[in-house]
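Notes follow the structure.
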Amino acid sequence: PTRAAVNVAGADARALRVCAAAAAAGAGGAAPAVRSHATEVVACGNTLGESPVWSAEEQALYWVSSVGKELWRWDLVNPATRRGLPEVVGCCALVSGQSNAALVALEHKGVGLFDMRSGKFTPYAPDFEAGCDTRPNDGRVDRQGNFVISGYNNVHRANALESSGVYVLRARDVDVSAGGADAQTAKLVRIREENVRCSNATCFSPDGDKMYFCDTPQRRILEYEYVPGEPLGSARVVWSMPAALAGGPDGAATDAQCGVWMALSGASRVSRLDPRTGAITHEVMLPCSMPTSVTVGGPGLDTLYITTRKPDGGGLYAAPMPAGLVGMIEPTFGQAQRPPAAAADAPAAAAATASNNGNALA
């Protein structure tokens, strides 16, 4: 592993005890959300920026320009680079053993590996929902190295139909070391019975046993008990967007203290949800109305990166993580993460997190 990966590994090691201690200390009145502001760090001008993911191994951030059909990469030192994709792209993810490359979910060609140096696309699971007027939208790799991907009804604003699904591409079905896949076995497995209109907010708890998800028009965050590759059961509503806020939840990511950071597109902010209590503990405000997705990255996993969209956005924004909160190393497709272990300094981190807890969701 790189030195940076070693330096931030402690965040993963603390996660389980931090979450448990913070939950136990969560009594008391709800405190106002701590507010800060993000600034633009890359003026990329994306029509629809999406899906930022931080590679601890490469010390670089990846994201996509969805309708712009581009994959972007930035190492925080040199100017950001981009490479054109063959189709509209929903999201991207990291792939084990691959650099300057990402897993991408394309409108018609499906899910596969895209090499930024050569421009080559290698399909892993082709033909996403073939014959339907849908496309891949939101996705993230779980803690066991599988890729959960869900869709978008291309005409949902006109017909309001829930016509797409939620799937998993299992790591065991793809030979990532060979850069390709057996087309007979690499297929998407449906894991959610209900259809969706506009999937978003897919992310996982630090120990990987909970999945968070949103069908954006419903304006609420759901929590599922998660077993990799198995169907999702009943959902628990952990947060509903207040009527006073415009827009809806978009992309999301979790931190090592079990918080869910949500881009609230239309509301000019990214909010941190404590899913155990339903409290919003922190808000990061933006000068544009439509943040689209978020991740935690940087050498110390202490920077929040936010993609945005036009008409009044389109740049990549960043904000320091609040004191006592850090991210986790982003999983890579094809490789399971080791479960977080107990650490001696967990109680101190838990105490810092617990001070942000609020009342339970009504």
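Residue numbers start at 1 in each chain; chains themselves are named A, B, ... in the order of the structure tokens; ligands are numbered from 1 in the order shown.
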
**Report entry** helix (DSSP H, G or I) per DSSP on the backbone: members of region 135-283 of chain A, as a VMD selection string
**Finding:** chain A and resid 156 to 159 171 to 173 176 to 178 216 to 218

Requested in this report: Pull the strand (DSSP E) assignments for region 105-189 of chain A out of DSSP run on the backbone, and list those residues as an NGL selection string.
Outcome: :A and (105-106 or 110-115 or 121-125 or 134-141 or 147-153 or 166-169 or 174-175 or 180-181 or 188-189)

N, CA and C atoms of the current selection, written as an mmCIF file, in the first residue's frame:
```cif
data_model
loop_
_atom_site.group_PDB
_atom_site.id
_atom_site.type_symbol
_atom_site.label_atom_id
_atom_site.label_comp_id
_atom_site.auth_asym_id
_atom_site.auth_seq_id
_atom_site.Cartn_x
_atom_site.Cartn_y
_atom_site.Cartn_z
ATOM 1 N N ALA A 105 -20.514 3.147 -16.040
ATOM 2 C CA ALA A 105 -21.828 2.608 -16.394
ATOM 3 C C ALA A 105 -22.386 3.455 -17.529
ATOM 4 N N LEU A 106 -22.395 2.887 -18.754
ATOM 5 C CA LEU A 106 -22.786 3.617 -19.950
ATOM 6 C C LEU A 106 -24.227 3.325 -20.338
ATOM 7 N N GLY A 110 -23.495 -0.563 -21.243
ATOM 8 C CA GLY A 110 -23.524 -1.188 -19.934
ATOM 9 C C GLY A 110 -22.308 -0.864 -19.085
ATOM 10 N N VAL A 111 -22.001 -1.762 -18.164
ATOM 11 C CA VAL A 111 -20.942 -1.558 -17.178
ATOM 12 C C VAL A 111 -19.658 -2.193 -17.682
ATOM 13 N N GLY A 112 -18.559 -1.456 -17.581
ATOM 14 C CA GLY A 112 -17.283 -2.006 -18.019
ATOM 15 C C GLY A 112 -16.126 -1.141 -17.586
ATOM 16 N N LEU A 113 -14.927 -1.581 -17.925
ATOM 17 C CA LEU A 113 -13.684 -0.893 -17.577
ATOM 18 C C LEU A 113 -13.312 0.076 -18.689
ATOM 19 N N PHE A 114 -13.021 1.327 -18.309
ATOM 20 C CA PHE A 114 -12.570 2.322 -19.282
ATOM 21 C C PHE A 114 -11.168 2.765 -18.916
ATOM 22 N N ASP A 115 -10.237 2.617 -19.867
ATOM 23 C CA ASP A 115 -8.836 2.998 -19.692
ATOM 24 C C ASP A 115 -8.650 4.417 -20.220
ATOM 25 N N PHE A 121 -12.775 0.690 -23.979
ATOM 26 C CA PHE A 121 -13.844 0.264 -23.083
ATOM 27 C C PHE A 121 -13.984 -1.245 -23.176
ATOM 28 N N THR A 122 -13.853 -1.933 -22.039
ATOM 29 C CA THR A 122 -14.008 -3.387 -21.970
ATOM 30 C C THR A 122 -15.291 -3.704 -21.220
ATOM 31 N N PRO A 123 -16.309 -4.262 -21.886
ATOM 32 C CA PRO A 123 -17.583 -4.508 -21.203
ATOM 33 C C PRO A 123 -17.484 -5.627 -20.173
ATOM 34 N N TYR A 124 -18.085 -5.397 -19.010
ATOM 35 C CA TYR A 124 -18.218 -6.424 -17.979
ATOM 36 C C TYR A 124 -19.647 -6.962 -17.936
ATOM 37 N N ALA A 125 -20.610 -6.061 -18.030
ATOM 38 C CA ALA A 125 -22.029 -6.439 -18.013
ATOM 39 C C ALA A 125 -22.738 -5.565 -19.042
ATOM 40 N N THR A 134 -34.376 3.530 -20.368
ATOM 41 C CA THR A 134 -33.712 3.799 -19.099
ATOM 42 C C THR A 134 -32.207 3.807 -19.331
ATOM 43 N N ARG A 135 -31.477 4.220 -18.317
ATOM 44 C CA ARG A 135 -30.016 4.164 -18.366
ATOM 45 C C ARG A 135 -29.477 3.988 -16.957
ATOM 46 N N PRO A 136 -28.219 3.533 -16.816
ATOM 47 C CA PRO A 136 -27.609 3.489 -15.483
ATOM 48 C C PRO A 136 -27.468 4.891 -14.918
ATOM 49 N N ASN A 137 -27.631 5.007 -13.613
ATOM 50 C CA ASN A 137 -27.531 6.337 -13.009
ATOM 51 C C ASN A 137 -26.585 6.362 -11.832
ATOM 52 N N ASP A 138 -26.940 5.698 -10.741
ATOM 53 C CA ASP A 138 -26.171 5.810 -9.503
ATOM 54 C C ASP A 138 -25.569 4.459 -9.144
ATOM 55 N N GLY A 139 -24.327 4.456 -8.685
ATOM 56 C CA GLY A 139 -23.700 3.194 -8.310
ATOM 57 C C GLY A 139 -22.527 3.396 -7.380
ATOM 58 N N ARG A 140 -22.206 2.347 -6.627
ATOM 59 C CA ARG A 140 -21.053 2.392 -5.725
ATOM 60 C C ARG A 140 -20.622 0.967 -5.420
ATOM 61 N N VAL A 141 -19.341 0.781 -5.165
ATOM 62 C CA VAL A 141 -18.803 -0.519 -4.787
ATOM 63 C C VAL A 141 -19.043 -0.747 -3.297
ATOM 64 N N PHE A 147 -20.262 -4.311 -7.230
ATOM 65 C CA PHE A 147 -20.727 -3.016 -7.719
ATOM 66 C C PHE A 147 -22.247 -2.994 -7.752
ATOM 67 N N VAL A 148 -22.846 -2.128 -6.927
ATOM 68 C CA VAL A 148 -24.291 -1.945 -6.925
ATOM 69 C C VAL A 148 -24.619 -0.782 -7.858
ATOM 70 N N ILE A 149 -25.484 -1.040 -8.829
ATOM 71 C CA ILE A 149 -25.811 -0.061 -9.848
ATOM 72 C C ILE A 149 -27.331 0.001 -10.026
ATOM 73 N N SER A 150 -27.856 1.204 -10.149
ATOM 74 C CA SER A 150 -29.306 1.369 -10.298
ATOM 75 C C SER A 150 -29.582 2.395 -11.391
ATOM 76 N N GLY A 151 -30.847 2.449 -11.823
ATOM 77 C CA GLY A 151 -31.149 3.134 -13.068
ATOM 78 C C GLY A 151 -31.963 4.406 -12.948
ATOM 79 N N TYR A 152 -32.322 4.890 -14.142
ATOM 80 C CA TYR A 152 -32.976 6.187 -14.319
ATOM 81 C C TYR A 152 -33.940 6.081 -15.489
ATOM 82 N N ASN A 153 -35.189 6.432 -15.250
ATOM 83 C CA ASN A 153 -36.171 6.498 -16.318
ATOM 84 C C ASN A 153 -35.925 7.766 -17.123
ATOM 85 N N VAL A 166 -32.638 -1.912 -9.477
ATOM 86 C CA VAL A 166 -31.416 -1.866 -8.677
ATOM 87 C C VAL A 166 -30.752 -3.237 -8.780
ATOM 88 N N TYR A 167 -29.455 -3.254 -9.105
ATOM 89 C CA TYR A 167 -28.755 -4.498 -9.414
ATOM 90 C C TYR A 167 -27.397 -4.536 -8.722
ATOM 91 N N VAL A 168 -26.796 -5.720 -8.729
ATOM 92 C CA VAL A 168 -25.413 -5.862 -8.302
ATOM 93 C C VAL A 168 -24.640 -6.610 -9.377
ATOM 94 N N LEU A 169 -23.447 -6.127 -9.679
ATOM 95 C CA LEU A 169 -22.483 -6.867 -10.487
ATOM 96 C C LEU A 169 -21.502 -7.498 -9.511
ATOM 97 N N VAL A 174 -16.430 -11.544 -12.538
ATOM 98 C CA VAL A 174 -15.582 -10.778 -13.449
ATOM 99 C C VAL A 174 -14.117 -10.999 -13.099
ATOM 100 N N ASP A 175 -13.302 -11.271 -14.094
ATOM 101 C CA ASP A 175 -11.859 -11.411 -13.909
ATOM 102 C C ASP A 175 -11.214 -10.057 -14.151
ATOM 103 N N GLY A 180 -10.945 -8.100 -18.450
ATOM 104 C CA GLY A 180 -12.126 -8.462 -19.214
ATOM 105 C C GLY A 180 -13.041 -9.345 -18.412
ATOM 106 N N ALA A 181 -14.018 -9.947 -19.074
ATOM 107 C CA ALA A 181 -15.005 -10.748 -18.375
ATOM 108 C C ALA A 181 -15.538 -11.834 -19.279
ATOM 109 N N LEU A 188 -25.840 -8.608 -14.442
ATOM 110 C CA LEU A 188 -26.398 -7.876 -13.318
ATOM 111 C C LEU A 188 -27.480 -8.710 -12.651
ATOM 112 N N VAL A 189 -27.436 -8.754 -11.336
ATOM 113 C CA VAL A 189 -28.414 -9.504 -10.548
ATOM 114 C C VAL A 189 -29.305 -8.506 -9.817
#
```

Query raised in the report: Please, what distance in Å, to one decimal, runs between CA of Gly145 (chain A) and CA of Val176 (chain A)?
Result: 11.2 Å

At a cut-off of 7 Å, can you tabulate as JSON lines every residue of region 182-265 of chain A near region 290-311 of chain A together with its closest atom pair and the distance in Å to one decimal, using only C-alpha atoms and ordering rows by chain then number?
```
{"residue": "A:Asp250", "atom": "CA", "partner": "A:Thr292", "partner_atom": "CA", "distance": 5.5}
{"residue": "A:Gly251", "atom": "CA", "partner": "A:Ser293", "partner_atom": "CA", "distance": 3.9}
{"residue": "A:Ala252", "atom": "CA", "partner": "A:Val294", "partner_atom": "CA", "distance": 5.7}
{"residue": "A:Ala253", "atom": "CA", "partner": "A:Thr295", "partner_atom": "CA", "distance": 5.5}
{"residue": "A:Ala263", "atom": "CA", "partner": "A:Ser293", "partner_atom": "CA", "distance": 5.3}
{"residue": "A:Leu264", "atom": "CA", "partner": "A:Pro291", "partner_atom": "CA", "distance": 6.4}
{"residue": "A:Ser265", "atom": "CA", "partner": "A:Met290", "partner_atom": "CA", "distance": 4.2}
```

Dump of N, CA, C and O atoms for the selected residues, as a PDB file, in the first residue's frame:
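Here's the written file result.pdb:
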```
ATOM      1  N   ASP A 250     -29.501  13.668  -3.934  1.00  0.00           N
ATOM      2  CA  ASP A 250     -28.799  13.145  -5.104  1.00  0.00           C
ATOM      3  C   ASP A 250     -27.739  12.164  -4.606  1.00  0.00           C
ATOM      4  O   ASP A 250     -28.044  11.307  -3.798  1.00  0.00           O
ATOM      5  N   GLY A 251     -26.501  12.271  -5.078  1.00  0.00           N
ATOM      6  CA  GLY A 251     -25.473  11.321  -4.659  1.00  0.00           C
ATOM      7  C   GLY A 251     -25.100  11.472  -3.197  1.00  0.00           C
ATOM      8  O   GLY A 251     -25.273  12.534  -2.594  1.00  0.00           O
ATOM      9  N   ALA A 252     -24.560  10.381  -2.613  1.00  0.00           N
ATOM     10  CA  ALA A 252     -24.225  10.384  -1.192  1.00  0.00           C
ATOM     11  C   ALA A 252     -23.003   9.516  -0.923  1.00  0.00           C
ATOM     12  O   ALA A 252     -22.616   8.680  -1.749  1.00  0.00           O
ATOM     13  N   ALA A 253     -22.411   9.725   0.251  1.00  0.00           N
ATOM     14  CA  ALA A 253     -21.257   8.931   0.696  1.00  0.00           C
ATOM     15  C   ALA A 253     -21.269   8.888   2.216  1.00  0.00           C
ATOM     16  O   ALA A 253     -21.824   9.783   2.870  1.00  0.00           O
ATOM     17  N   ALA A 263     -25.784  15.078  -1.180  1.00  0.00           N
ATOM     18  CA  ALA A 263     -25.906  16.266  -2.017  1.00  0.00           C
ATOM     19  C   ALA A 263     -27.393  16.546  -2.209  1.00  0.00           C
ATOM     20  O   ALA A 263     -28.117  15.694  -2.740  1.00  0.00           O
ATOM     21  N   LEU A 264     -27.852  17.701  -1.764  1.00  0.00           N
ATOM     22  CA  LEU A 264     -29.258  18.060  -1.906  1.00  0.00           C
ATOM     23  C   LEU A 264     -29.388  18.985  -3.113  1.00  0.00           C
ATOM     24  O   LEU A 264     -29.238  20.207  -3.020  1.00  0.00           O
ATOM     25  N   SER A 265     -29.646  18.360  -4.257  1.00  0.00           N
ATOM     26  CA  SER A 265     -29.699  19.096  -5.512  1.00  0.00           C
ATOM     27  C   SER A 265     -30.950  19.970  -5.547  1.00  0.00           C
ATOM     28  O   SER A 265     -32.065  19.485  -5.352  1.00  0.00           O
TER      29      SER A 265
END
```

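Residues with any atom within 9 Å of region 78-85 of chain A, counting only C-alpha atoms and excluding same-chain neighbours fewer than 3 positions away, are Val42, Cys44, Val64, Gly68, Lys69, Glu70, Leu71, Trp72, Arg73, Trp74, Asp75, Val88, Val89, Leu106, Phe114, Met116, Arg117, Gly119 and Phe121 of chain A.
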
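Every protein, DNA or RNA residue with an atom at most 10 Å from Val196 (chain A), where only C-alpha atoms count and chain neighbours fewer than 4 positions away do not, is listed here: A:Ser150, A:Gly151, A:Tyr152, A:Asn153, A:His156, A:Leu161, A:Glu162, A:Ser163, A:Ser164, A:Gly165, A:Val166, A:Arg192, A:Asn200, A:Cys214, A:Asp215, A:Thr216, A:Pro217, A:Gln218.
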
Store the residues of this selection in a file with all heavy atoms, as a CSV table (one decimal), in the first residue's frame.
```csv
chain,number,residue,atom,x,y,z
A,150,SER,N,-27.9,1.2,-10.1
A,150,SER,CA,-29.3,1.4,-10.3
A,150,SER,C,-29.6,2.4,-11.4
A,150,SER,O,-28.7,3.1,-11.8
A,150,SER,CB,-29.9,1.8,-9.0
A,150,SER,OG,-29.2,2.8,-8.4
A,151,GLY,N,-30.8,2.4,-11.8
A,151,GLY,CA,-31.1,3.1,-13.1
A,151,GLY,C,-32.0,4.4,-12.9
A,151,GLY,O,-32.3,4.9,-11.9
A,152,TYR,N,-32.3,4.9,-14.1
A,152,TYR,CA,-33.0,6.2,-14.3
A,152,TYR,C,-33.9,6.1,-15.5
A,152,TYR,O,-33.6,5.6,-16.6
A,152,TYR,CB,-31.9,7.2,-14.6
A,152,TYR,CG,-32.3,8.6,-14.9
A,152,TYR,CD1,-32.5,9.6,-13.9
A,152,TYR,CD2,-32.6,9.0,-16.3
A,152,TYR,CE1,-32.9,10.9,-14.2
A,152,TYR,CE2,-32.9,10.3,-16.6
A,152,TYR,CZ,-33.1,11.2,-15.6
A,152,TYR,OH,-33.5,12.5,-15.9
A,153,ASN,N,-35.2,6.4,-15.3
A,153,ASN,CA,-36.2,6.5,-16.3
A,153,ASN,C,-35.9,7.8,-17.1
A,153,ASN,O,-36.1,8.9,-16.6
A,153,ASN,CB,-37.6,6.5,-15.7
A,153,ASN,CG,-38.7,6.7,-16.7
A,153,ASN,OD1,-38.4,6.9,-17.9
A,153,ASN,ND2,-39.9,6.8,-16.3
A,156,HIS,N,-38.8,10.2,-17.0
A,156,HIS,CA,-39.6,10.2,-15.7
A,156,HIS,C,-40.3,11.5,-15.4
A,156,HIS,O,-41.4,11.5,-14.8
A,156,HIS,CB,-38.8,9.7,-14.6
A,156,HIS,CG,-37.9,10.8,-14.0
A,156,HIS,ND1,-38.3,11.6,-13.0
A,156,HIS,CD2,-36.6,11.1,-14.3
A,156,HIS,CE1,-37.3,12.4,-12.6
A,156,HIS,NE2,-36.2,12.2,-13.4
A,161,LEU,N,-43.1,7.4,-14.2
A,161,LEU,CA,-43.1,6.0,-14.0
A,161,LEU,C,-41.8,5.5,-13.3
A,161,LEU,O,-40.7,6.0,-13.6
A,161,LEU,CB,-43.3,5.3,-15.3
A,161,LEU,CG,-44.6,5.4,-16.0
A,161,LEU,CD1,-44.6,4.6,-17.3
A,161,LEU,CD2,-45.8,4.9,-15.1
A,162,GLU,N,-42.0,4.6,-12.4
A,162,GLU,CA,-40.9,3.9,-11.8
A,162,GLU,C,-40.6,2.7,-12.7
A,162,GLU,O,-41.2,1.6,-12.6
A,162,GLU,CB,-41.2,3.5,-10.4
A,162,GLU,CG,-41.5,4.7,-9.5
A,162,GLU,CD,-42.0,4.3,-8.1
A,162,GLU,OE1,-42.4,3.1,-8.0
A,162,GLU,OE2,-42.2,5.2,-7.3
A,163,SER,N,-39.6,2.8,-13.6
A,163,SER,CA,-39.4,1.8,-14.6
A,163,SER,C,-38.0,1.2,-14.7
A,163,SER,O,-37.7,0.4,-15.6
A,163,SER,CB,-39.8,2.4,-16.0
A,163,SER,OG,-38.9,3.5,-16.3
A,164,SER,N,-37.1,1.5,-13.7
A,164,SER,CA,-35.8,1.0,-13.7
A,164,SER,C,-35.6,0.2,-12.5
A,164,SER,O,-36.4,0.2,-11.6
A,164,SER,CB,-34.8,2.1,-13.9
A,164,SER,OG,-33.5,1.6,-14.2
A,165,GLY,N,-34.4,-0.5,-12.4
A,165,GLY,CA,-34.2,-1.4,-11.3
A,165,GLY,C,-32.9,-1.1,-10.5
A,165,GLY,O,-32.1,-0.2,-10.9
A,166,VAL,N,-32.6,-1.9,-9.5
A,166,VAL,CA,-31.4,-1.9,-8.7
A,166,VAL,C,-30.8,-3.2,-8.8
A,166,VAL,O,-31.4,-4.3,-8.5
A,166,VAL,CB,-31.7,-1.5,-7.2
A,166,VAL,CG1,-30.4,-1.4,-6.4
A,166,VAL,CG2,-32.5,-0.2,-7.1
A,192,ARG,N,-33.4,-5.4,-5.7
A,192,ARG,CA,-34.6,-4.7,-5.1
A,192,ARG,C,-35.8,-5.0,-5.9
A,192,ARG,O,-35.8,-4.8,-7.2
A,192,ARG,CB,-34.3,-3.2,-5.1
A,192,ARG,CG,-35.3,-2.3,-4.4
A,192,ARG,CD,-34.9,-0.8,-4.4
A,192,ARG,NE,-35.7,0.0,-3.6
A,192,ARG,CZ,-36.7,0.8,-4.0
A,192,ARG,NH1,-37.0,0.8,-5.3
A,192,ARG,NH2,-37.3,1.6,-3.2
A,200,ASN,N,-30.5,7.2,-6.6
A,200,ASN,CA,-29.4,8.0,-6.1
A,200,ASN,C,-29.1,7.6,-4.7
A,200,ASN,O,-29.7,6.8,-4.1
A,200,ASN,CB,-29.8,9.5,-6.1
A,200,ASN,CG,-29.5,10.2,-7.4
A,200,ASN,OD1,-28.3,10.1,-7.9
A,200,ASN,ND2,-30.5,10.8,-8.0
A,214,CYS,N,-31.9,6.2,-2.3
A,214,CYS,CA,-33.0,7.2,-2.5
A,214,CYS,C,-33.5,7.1,-3.9
A,214,CYS,O,-32.7,6.9,-4.9
A,214,CYS,CB,-32.5,8.6,-2.2
A,214,CYS,SG,-33.7,9.9,-2.5
A,215,ASP,N,-34.8,7.1,-4.1
A,215,ASP,CA,-35.4,7.4,-5.3
A,215,ASP,C,-35.8,8.9,-5.2
A,215,ASP,O,-36.7,9.3,-4.5
A,215,ASP,CB,-36.7,6.5,-5.5
A,215,ASP,CG,-37.2,6.6,-6.9
A,215,ASP,OD1,-36.8,7.4,-7.7
A,215,ASP,OD2,-38.1,5.7,-7.3
A,216,THR,N,-35.0,9.7,-5.9
A,216,THR,CA,-35.0,11.1,-5.7
A,216,THR,C,-36.4,11.8,-5.6
A,216,THR,O,-36.7,12.6,-4.7
A,216,THR,CB,-34.1,11.8,-6.7
A,216,THR,OG1,-32.7,11.4,-6.4
A,216,THR,CG2,-34.2,13.3,-6.6
A,217,PRO,N,-37.3,11.5,-6.5
A,217,PRO,CA,-38.6,12.1,-6.5
A,217,PRO,C,-39.4,11.9,-5.2
A,217,PRO,O,-40.3,12.6,-4.8
A,217,PRO,CB,-39.4,11.5,-7.7
A,217,PRO,CG,-38.3,11.1,-8.6
A,217,PRO,CD,-37.2,10.6,-7.8
A,218,GLN,N,-39.0,10.8,-4.4
A,218,GLN,CA,-39.7,10.5,-3.2
A,218,GLN,C,-39.1,11.3,-2.0
A,218,GLN,O,-39.7,11.4,-0.9
A,218,GLN,CB,-39.6,9.0,-2.8
A,218,GLN,CG,-40.3,8.2,-3.8
A,218,GLN,CD,-40.3,6.7,-3.5
A,218,GLN,OE1,-39.8,6.3,-2.4
A,218,GLN,NE2,-40.8,5.9,-4.3
```

Write out, as CSV, each residue of region 45-157 of chain A that has an atom at most 8 Å from region 227-242 of chain A, together with the closest pair of atoms and their distance in Å to one decimal, counting only C-alpha atoms, rows going by chain and rising number.
```
residue,atom,partner,partner_atom,distance
A:Asp142,CA,A:Pro228,CA,7.7
A:Gln144,CA,A:Pro228,CA,7.2
A:Asn146,CA,A:Pro228,CA,7.4
```

Report summary line: One decimal place gives the CA of Met321 (chain A)-CA of Gln59 (chain A) separation as 17.4 Å

Query raised in the report: Any idea what's packed within 8 Å of Cys92 (chain A), counting only C-alpha atoms, ignoring anything in its chain fewer than 2 positions away? Could you give it as number ranges by chain?
Result: A: 51-53, 62-64, 90, 94, 102-105, 139-140

Residues just named, written with all heavy atoms as a short mmCIF file (atom, residue, chain, number, x, y, z; two decimals), in the first residue's frame:
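Result saved to part.cif:
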```
data_model
loop_
_atom_site.label_atom_id
_atom_site.label_comp_id
_atom_site.auth_asym_id
_atom_site.auth_seq_id
_atom_site.Cartn_x
_atom_site.Cartn_y
_atom_site.Cartn_z
N SER A 51 -20.68 11.52 -9.46
CA SER A 51 -19.99 10.30 -9.03
C SER A 51 -18.51 10.49 -8.69
O SER A 51 -17.66 9.74 -9.17
CB SER A 51 -20.16 9.24 -10.13
OG SER A 51 -19.69 7.99 -9.72
N PRO A 52 -18.14 11.43 -7.82
CA PRO A 52 -16.74 11.53 -7.43
C PRO A 52 -16.32 10.35 -6.55
O PRO A 52 -17.06 9.93 -5.65
CB PRO A 52 -16.68 12.84 -6.65
CG PRO A 52 -18.06 12.99 -6.08
CD PRO A 52 -18.99 12.40 -7.10
N VAL A 53 -15.14 9.79 -6.81
CA VAL A 53 -14.56 8.73 -5.97
C VAL A 53 -13.07 9.00 -5.82
O VAL A 53 -12.39 9.36 -6.79
CB VAL A 53 -14.80 7.31 -6.54
CG1 VAL A 53 -16.24 6.89 -6.37
CG2 VAL A 53 -14.39 7.22 -8.00
N TYR A 62 -11.53 10.77 -9.18
CA TYR A 62 -12.22 10.51 -10.44
C TYR A 62 -13.65 11.02 -10.33
O TYR A 62 -14.26 10.97 -9.26
CB TYR A 62 -12.27 9.01 -10.75
CG TYR A 62 -10.95 8.39 -11.15
CD1 TYR A 62 -10.06 7.94 -10.17
CD2 TYR A 62 -10.61 8.23 -12.48
CE1 TYR A 62 -8.85 7.36 -10.54
CE2 TYR A 62 -9.40 7.64 -12.85
CZ TYR A 62 -8.53 7.21 -11.88
OH TYR A 62 -7.33 6.64 -12.24
N TRP A 63 -14.20 11.49 -11.45
CA TRP A 63 -15.63 11.79 -11.54
C TRP A 63 -16.03 11.78 -13.01
O TRP A 63 -15.18 11.65 -13.89
CB TRP A 63 -15.99 13.10 -10.85
CG TRP A 63 -15.57 14.37 -11.53
CD1 TRP A 63 -16.32 15.17 -12.34
CD2 TRP A 63 -14.29 15.03 -11.43
NE1 TRP A 63 -15.61 16.27 -12.76
CE2 TRP A 63 -14.36 16.21 -12.21
CE3 TRP A 63 -13.10 14.73 -10.76
CZ2 TRP A 63 -13.28 17.09 -12.35
CZ3 TRP A 63 -12.03 15.60 -10.89
CH2 TRP A 63 -12.12 16.76 -11.68
N VAL A 64 -17.33 11.90 -13.26
CA VAL A 64 -17.81 11.87 -14.65
C VAL A 64 -18.57 13.14 -14.97
O VAL A 64 -19.17 13.78 -14.10
CB VAL A 64 -18.71 10.64 -14.94
CG1 VAL A 64 -17.96 9.35 -14.69
CG2 VAL A 64 -20.00 10.69 -14.14
N GLY A 90 -23.49 7.17 -16.36
CA GLY A 90 -24.19 7.44 -15.12
C GLY A 90 -23.28 7.67 -13.95
O GLY A 90 -23.47 8.59 -13.15
N LEU A 94 -13.91 2.66 -8.70
CA LEU A 94 -12.54 2.18 -8.80
C LEU A 94 -12.52 0.68 -9.06
O LEU A 94 -13.44 -0.04 -8.67
CB LEU A 94 -11.78 2.49 -7.51
CG LEU A 94 -11.81 3.96 -7.05
CD1 LEU A 94 -11.10 4.09 -5.71
CD2 LEU A 94 -11.18 4.86 -8.10
N ALA A 102 -11.23 3.36 -14.77
CA ALA A 102 -12.36 3.28 -13.85
C ALA A 102 -13.44 2.39 -14.42
O ALA A 102 -13.54 2.20 -15.64
CB ALA A 102 -12.92 4.68 -13.56
N LEU A 103 -14.25 1.86 -13.53
CA LEU A 103 -15.48 1.19 -13.91
C LEU A 103 -16.49 2.27 -14.26
O LEU A 103 -16.68 3.21 -13.48
CB LEU A 103 -15.98 0.34 -12.75
CG LEU A 103 -17.08 -0.70 -13.03
CD1 LEU A 103 -16.51 -1.85 -13.84
CD2 LEU A 103 -17.68 -1.20 -11.73
N VAL A 104 -17.11 2.19 -15.43
CA VAL A 104 -18.09 3.18 -15.83
C VAL A 104 -19.38 2.46 -16.22
O VAL A 104 -19.36 1.32 -16.68
CB VAL A 104 -17.60 4.07 -16.99
CG1 VAL A 104 -16.42 4.92 -16.55
CG2 VAL A 104 -17.25 3.24 -18.21
N ALA A 105 -20.51 3.15 -16.04
CA ALA A 105 -21.83 2.61 -16.39
C ALA A 105 -22.39 3.45 -17.53
O ALA A 105 -22.78 4.61 -17.31
CB ALA A 105 -22.76 2.62 -15.19
N GLY A 139 -24.33 4.46 -8.68
CA GLY A 139 -23.70 3.19 -8.31
C GLY A 139 -22.53 3.40 -7.38
O GLY A 139 -21.93 4.47 -7.33
N ARG A 140 -22.21 2.35 -6.63
CA ARG A 140 -21.05 2.39 -5.72
C ARG A 140 -20.62 0.97 -5.42
O ARG A 140 -21.45 0.04 -5.40
CB ARG A 140 -21.39 3.14 -4.43
CG ARG A 140 -20.18 3.45 -3.56
CD ARG A 140 -20.54 4.37 -2.40
NE ARG A 140 -20.81 5.73 -2.82
CZ ARG A 140 -19.88 6.67 -2.98
NH1 ARG A 140 -18.60 6.39 -2.78
NH2 ARG A 140 -20.22 7.89 -3.33
#
```

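Separating CA of Gly314 (chain A) from CA of Arg157 (chain A) is a distance of 21.7 Å.
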